[in-house]
Structure formats: structure tokens, C-alpha cells
Amino acid sequence: MIEVHQITKNYQLGKAKFTALSDISLTIQPGEMVAIQGRSGAGKTTLFNILGCLDTMDSGTYRLDGQQVEKMKDAELAALRCKKIGFVLQEFALINQQSVLFNVMLPLFFDKMAYRTMKTRAMEALHKVGIANLARHKTNQLSGGQRQRVAIARALVNYPEIILADEPTGALDSKTAGQIMQLISELNQQGMTILLITHDDKMAAYCQRRIVIEDGKIIEDQLTQ
Amino acid sequence: MKQFRLVWQSLLQIKGAALLLMIVLTLALFVLTYLIGLIRYQNYSRTLLEQAEINNSVYLKLAVDDNQMAQDMYGTFSAIARTYEEIADWPGIKEIISIYSYGSMKIDGINYQMLVYNDALLRHFSMAVDGRWFPDKPVSVDQPLPIVLGGTGFSDFETGDVLTAEYSRTQKPISLNVYGKVKYPGYTLSLSNGSTIILSDYLLSDQPVILVRDEPSLLSRLDTSDQVMIDRNAWVVFENGLSEQQQGELLTRLGSYGSYHTYEDIITASRESHIEQLKEILPIPLFLFFSAFSCLFSISSLYVMRNAQNQILYFFCGCSRKRMIGILAQGLFMIFLPPALLNLLFILFYPTISQADWLNLHQVVLDGTSVSLVLLFLAVLLVFLLLPALMISRRHTPMQLYRRMSS
């Protein structure tokens, strides 16, 4: 479960201080699929960074599965990212010169696991997203949809509890985007918590809950299904 | 092994540049090693002089008629020896440090000059040796002659070896017992230099020499005459506590026998010359070195930039910032490793190589200290080259960097 309470994040832009998030509080139950929406600069990415343990907050508390995140050090946050969170990003975030298999195995490099087990787990994740036959291909030989499947397989490989997806369909055509959202929904139906940042209302419609952020504050939080 | 795969992956981003970096770094390290060796030799030569405890002395260059020397070499040598004996008896003169010889020794077809070390020479210029400087008491004449090996070119001989040599004057074999070997860099005192300017670096030689102790039985043991060959130059050491006037009188008197340089003058001139020499020599190596350094920095920046996106991906996947920097550092370390190993092996084996006379960079000291300095340099370089990555990772969040790079 994700529980954030009154989190605030400021950025220093030259001499001016910019408040990206102001007193944000929210709770996300395990197995929820939540869309986070808002205009550019509203604070979505800052929230994504904090929920993903990629950045720290200035004030407030964040509990992830009962663990007090804001007190954690860099190495502890890294371990938390490795074990509990999978990321899917707009531009796929893959190493192009490397094989699909290597890309999917990547999170396991930071876990204590034998290389052979890593391969098995990566193949398992590739099967789950339906591209096991592409394991030996280089990622730059794949289509956009296939690449995003690789990214999803990588997000799944460590059996995380949460998947954070930042505009996962932003670089895809509408048909492929629909397929990817279908895949993400299936993962959610299997019990995975999904947090989806998107501008696209069609994509947000796949989620059961919609949170809208504006000027660093939650202005809407409602169940849609 | 897993970590190595990530490091290897980071290196694959700059295959060609990494190779170029290795070549440039190899050259830069050799230039650095040479510079360190040169500076260390200059300090070494000056330190030897400073540790010789001859502060109150002059380097006397006896005026000798070269025509006379050509006509009657041994007669002239005898005259030089007698002059020094006379000077040694002057009031206010403590001792004369001179080097003389009774010929050479041939071992395995190679001629080595044999130098005789008297007590004064041993007291002031007994360099560190492997083994020891001669036995405490003279050995009987039926025992092999105790010797110490100085200079380079004696890699085949070890302390404790008993060698058979052919003595140049009698052409007879003589048995020699190696009591010691002057430790690397192997330099011994040389008094052969009579230049207008005398510097500490001129007073050492790495020529291979066999050193024997001056003792009463030496001539009978060698079965030779007392025809001595002596350097015309010598250190004349004054008694302590002489007044300035007494010292002045002695210097005036010595001046009538030739020219001299006081110990202080030599040390001061050496210091000044070493600085001047470095100023003269340094520009080219420094230019090469800084060119190499700029190249290193450019390629390393390229390495950091090319890997930045992967590093961010690693961060998303559960890699800590510290480990991200660690992967970059290990990648650079792997680039550094072959040049460093090549260079360090050269430094470590240089004493052996120079002892065997395969390669001798004269007036350069390369040893364990050079290794430490090269390693220190590499460590500093590594930190310096990682600074951009450290600064970038502190200033920007991974997501900011990812977005910037994606766009």
C-alpha cells in the first residue's frame, strides 16, 4: 500500500523557488490501477519521482508497504526500487545495442541472484508479455510496441508490487497503445498495483481511479469504474 | 561477474575511444614516469652529497699538464697521489677523499674497472648495498679477494658468489668474493669530472665497477707494482672549527694547485641547475603530458556522457547512485589497467633491465617510489575524471536527465 501524507517538494529555479508539490496526501490500495493526470508542469512527474523513490521530498511522509521511505538512504531506496517497483517510461528506456534478454534482466543485476536464474526469470517475463521469441534480438531491431513490451517485461522481472508508468503509450500509435494498455490492465487484474501518468483520457479510462493534479495540488480524486 | 557485465557494457559504448585512451594513457604514463625518474635522480644525487657529511670541504680539481700525462702517465699519477698526500698533511686538513685504481678485472670476457676504496671513501660514500661493504677484518691472501659490485650490468652476479677474474696487469686469474652489490640505482661516487661547473649529478656514475678495499696486502695479493691510477679531482675535507681566516688561507693555498668548488657552491649550483634543467626539459614532456591529459579528459567525458542514459536506466532498475559511480569508475579503471600494468611492469623490471644493460636511461631513477607516484596519479586522475558524473548526478534527478536525453 502507498500512503503519502502532506508531501511537499520545492525546486530552486535560479533565485526563485518553485513549489512542484504542495501538501499532497493520498493512499493507494494494493491492486488499484490509478491514472494521474494534469497539465504539463502540474507536478505529475515530481509525484512520480517521489512515489518511485527516485527523488526525495522536502516535507511530509511516505509509507510504502509500511516502510518509512522518507528516512531511507540512497542504498535503501535503490533496494526498494529494485524489489518493489517496476518502471515503464514513454521512450521505452532500453539499452539499444543490447539484446532484449539483457534489457529485461537489468533489474536483476542489482539483486542478489545467480546469472542463470536471472536468465530464467527474464524469459519468464518475456513469455508473460508475449515476446519470448525476440529474446536474442537487439532492441533497436524492434517496433515501438515490441519495445514497450520489453520495457514492461523488465518492469515485471523482479515481481514488483507496483508498476509506475509514465506516458507508456506516448510514443505509440493508437492501435499499439491500446494493446499495451490491455497488457497493463491484465497485469492489474493479476493483482499488481498500477500508477499511470498520462495526458490521454482514453488511456486513463483503463484505470479504476483518476487523480488530477494542478499547481502541485490534487484537485480531483475519484473512482471511474 | 554480474557487475563486470555492466562495466563491460559501459565500455562497449566507447570501444574505439577506449582503445585510443589506452594508447594515450600509456604514452602519458611513460612520460610521467620519465619525469619522475629524472627528478628523483636529481634529488638522489644531491641527497647523497648532503648525506656524505662533507659540508666543510671543497672539490679540488688539480691542475695537471696533459702533455706530461700523455708522456708519462704513471709518473703523473704518482705525482697526483703525492700531492694529495702532501695536502692531507697540511694543518687544518682532515682528510682527502680520492679514488684510485690498480687496473681492471676481466670477467666472462668483459673488462670492469677496479676501484680502490679507502677508509675515507667508505666513511663518506658507502652507498646502500645488498650484502655488505667488505669483511670487518682483512681476509687472508689465500682467500678470494672481497669485492663490492657497483653500477649497472651485474645482474648475473649475486652476493656470496665466488668469481674468477683475469687481472689486467698480470693477466693472471684471481678469485673474487662478492660481498655486496650497490643497491639500485647502483650509482657510485665518480671524481672524474673536471668541468667548469660541478653539479651533484656529475659526481655519480652508473658504470659497472669492481670495488676493493684499500688494505696493506692488496698489492701483494694482486701481485702488482704500486703504479697507481688516480683521479686528478678529490674532495678535500677541512677540520671542523677552523676560523674563516684559516679556511681562507687554505683555500688560497689550494687555489695554487688548481681550482676548487666549495661544497655549498656545488649544492647551491646543483639546486639552481636542477630547476633550470627542469624548466628546459619540462616543456616538451609537459606539452605531451597535458595533450594526453586533455585527450583523456575528452574521452572520459565522452565515456560519461555516452553512459549517462544507461546509468539512469540502472538507477530506475534499483542501482544506487554510489554504485552508478562505481560502475563508471570500474569502467575507467579497466581502461587504465592495461597502460598502468604496462608502465608498472616497466618500472618494476627496469632495475633488472638496466642491471643487465639491455636498456639504460642514464640519470633516471625508477623504483617502488615511482610505482607509488604513478598509482597516486592514476587515483587522482580517476577521481578527477569522475567529477563531471558526480556533479551531474547531484544536480539533476534521474528523471530530469532521462527526459533531457530522450528529447
# chains A, B, ... in the order shown; residues from 1 in each chain; ligands from 1
$ residues_around --residues "A:Leu195" --least-positions-apart "4" --cutoff "9 Å" --atoms "only C-alpha atoms" --output "ChimeraX atom specification"
/A:32-36,48,162-166,207
$ closest_atom_pairs --of "chain A" --to "chain B" --cutoff "8 Å" --atoms "only C-alpha atoms" --output "Markdown table"
| residue | atom | partner | partner_atom | distance |
| --- | --- | --- | --- | --- |
| A:Asn49 | CA | B:Met399 | CA | 7.1 |
| A:Leu54 | CA | B:Pro398 | CA | 7.1 |
| A:Asp55 | CA | B:Thr397 | CA | 6.6 |
| A:Asp74 | CA | B:Ser320 | CA | 6.0 |
| A:Ala75 | CA | B:Ser320 | CA | 5.2 |
| A:Leu77 | CA | B:Ser320 | CA | 7.6 |
| A:Ala78 | CA | B:Gly318 | CA | 4.5 |
| A:Ala79 | CA | B:Gly318 | CA | 5.7 |
| A:Leu80 | CA | B:Gly318 | CA | 7.3 |
| A:Arg81 | CA | B:Gly318 | CA | 5.0 |
| A:Cys82 | CA | B:Gly318 | CA | 4.0 |
| A:Lys83 | CA | B:Gly318 | CA | 7.7 |
| A:Gly86 | CA | B:Cys317 | CA | 7.5 |
| A:Phe87 | CA | B:Phe316 | CA | 6.9 |
| A:Glu91 | CA | B:Ser406 | CA | 6.7 |
| A:Ala93 | CA | B:Leu313 | CA | 6.6 |
| A:Leu94 | CA | B:Leu313 | CA | 7.5 |
| A:Ile95 | CA | B:Asn310 | CA | 6.6 |
| A:Leu106 | CA | B:Cys317 | CA | 6.7 |
| A:Pro107 | CA | B:Cys317 | CA | 4.5 |
| A:Phe109 | CA | B:Lys2 | CA | 6.2 |
| A:Phe110 | CA | B:Cys319 | CA | 6.0 |
| A:Tyr115 | CA | B:Lys2 | CA | 7.0 |
$ select_by_dssp --residues "stretch 102-195 of chain A" --states "strand (DSSP E)" --output "PyMOL selection string"
chain A and resi 162-166+193-195
$ atom_distance --atom1 "atom CA of B:Ser217" --atom2 "atom CA of B:Leu62"
28.8 Å
$ atom_distance --atom1 "atom CA of B:Pro144" --atom2 "atom CA of B:Ser175"
4.7 Å
